[in-house]
>>> print(open('upload04.txt').read())   # compact mmCIF, C-alpha atoms
# COMPACT_ATOMS: atom_id res chain seq x y z
CA MET A 957 19.33 44.04 -9.77
CA THR A 958 17.49 41.03 -8.34
CA SER A 959 17.05 40.31 -4.68
CA PRO A 960 18.27 37.02 -3.08
CA LYS A 961 14.66 35.95 -2.60
CA GLU A 962 13.99 36.17 -6.35
CA ASN A 963 17.12 34.11 -7.09
CA ILE A 964 15.93 31.35 -4.76
CA LEU A 965 12.50 31.31 -6.39
CA LYS A 966 13.97 31.14 -9.91
CA ASN A 967 16.40 28.33 -9.08
CA GLN A 968 13.94 25.41 -8.92
CA ASN A 969 15.71 22.96 -11.19
CA GLY A 970 14.67 19.42 -10.30
CA GLN A 971 11.75 20.34 -8.06
CA THR A 972 9.31 18.51 -10.31
CA PHE A 973 11.45 15.38 -10.19
CA ILE A 974 11.62 15.49 -6.38
CA GLU A 975 7.85 15.98 -6.14
CA PHE A 976 7.35 13.05 -8.52
CA ILE A 977 9.57 10.82 -6.37
CA PHE A 978 7.69 11.81 -3.20
CA LEU A 979 4.32 11.12 -4.83
CA LEU A 980 5.55 7.80 -6.19
CA VAL A 981 6.77 6.70 -2.76
CA LEU A 982 3.46 7.79 -1.23
CA LEU A 983 1.39 5.86 -3.77
CA VAL A 984 3.52 2.71 -3.44
CA THR A 985 3.23 2.85 0.35
CA ILE A 986 -0.55 3.26 0.20
CA SER A 987 -0.84 0.45 -2.38
CA PHE A 988 1.18 -2.01 -0.29
CA SER A 989 -0.77 -1.18 2.85
CA PHE A 990 -4.08 -1.79 1.05
CA MET A 991 -2.82 -5.02 -0.47
CA ARG A 992 -1.64 -6.30 2.91
CA GLY A 993 -4.96 -5.37 4.53
CA PHE A 994 -7.09 -6.95 1.84
CA SER A 995 -4.93 -10.09 1.64
CA ASN A 996 -5.29 -10.74 5.35
CA HIS A 997 -9.03 -10.18 5.21
CA ILE A 998 -9.51 -12.37 2.15
CA GLY A 999 -7.40 -15.16 3.68
CA THR A 1000 -9.47 -15.07 6.86
CA ARG A 1001 -12.66 -15.19 4.82
CA TRP A 1002 -11.44 -18.23 2.83
CA GLU A 1003 -10.54 -20.07 6.04
CA TYR A 1004 -14.00 -19.35 7.44
CA MET A 1005 -15.71 -20.62 4.28
CA LEU A 1006 -13.55 -23.75 4.24
CA LYS A 1007 -14.52 -24.51 7.84
CA ILE A 1008 -18.20 -24.12 6.92
CA ILE A 1009 -17.82 -26.49 3.97
CA ALA A 1010 -15.84 -29.06 6.00
CA THR A 1011 -18.19 -28.96 9.01
CA PRO A 1012 -20.26 -32.05 8.08
CA ASN A 1013 -17.09 -34.19 8.15
CA GLN A 1014 -15.70 -35.71 11.31
CA SER A 1015 -12.12 -34.79 10.38
CA GLU A 1016 -10.51 -31.65 11.76
CA VAL A 1017 -9.38 -28.96 9.31
CA VAL A 1018 -5.73 -27.98 9.94
CA PHE A 1019 -4.16 -24.98 8.25
CA PRO A 1020 -0.43 -25.01 7.52
>>> encode(input="upload04.txt", output="structure tokens")
Amino acid sequence: MTSPKENILKNQNGQTFIEFIFLLVLLVTISFSFMRGFSNHIGTRWEYMLKIIATPNQSEVVFP
């Protein structure tokens, strides 16, 4: 005769799938946060370099 605790431990159908889904969501969240952070930094860097290049001109650089 098995105890209720052993039945709970043996009945783990789908646990791997649930863990996979959680890991997938975690990785997608981390990826999007890194992409957003790097995109903002790279955009700021490009604006800074454009201002350096356009400095000798008398015209003002306007970003849309």
>>> atom_distance(input="upload04.txt", atom1="atom CA of Gln1014 of chain A", atom2="atom CA of Thr1000 of chain A")
22.0 Å
>>> atom_distance(input="upload04.txt", atom1="atom CA of Leu979 of chain A", atom2="atom CA of Phe994 of chain A")
22.4 Å
>>> atom_distance(input="upload04.txt", atom1="atom CA of Tyr1004 of chain A", atom2="atom CA of Met991 of chain A")
19.8 Å
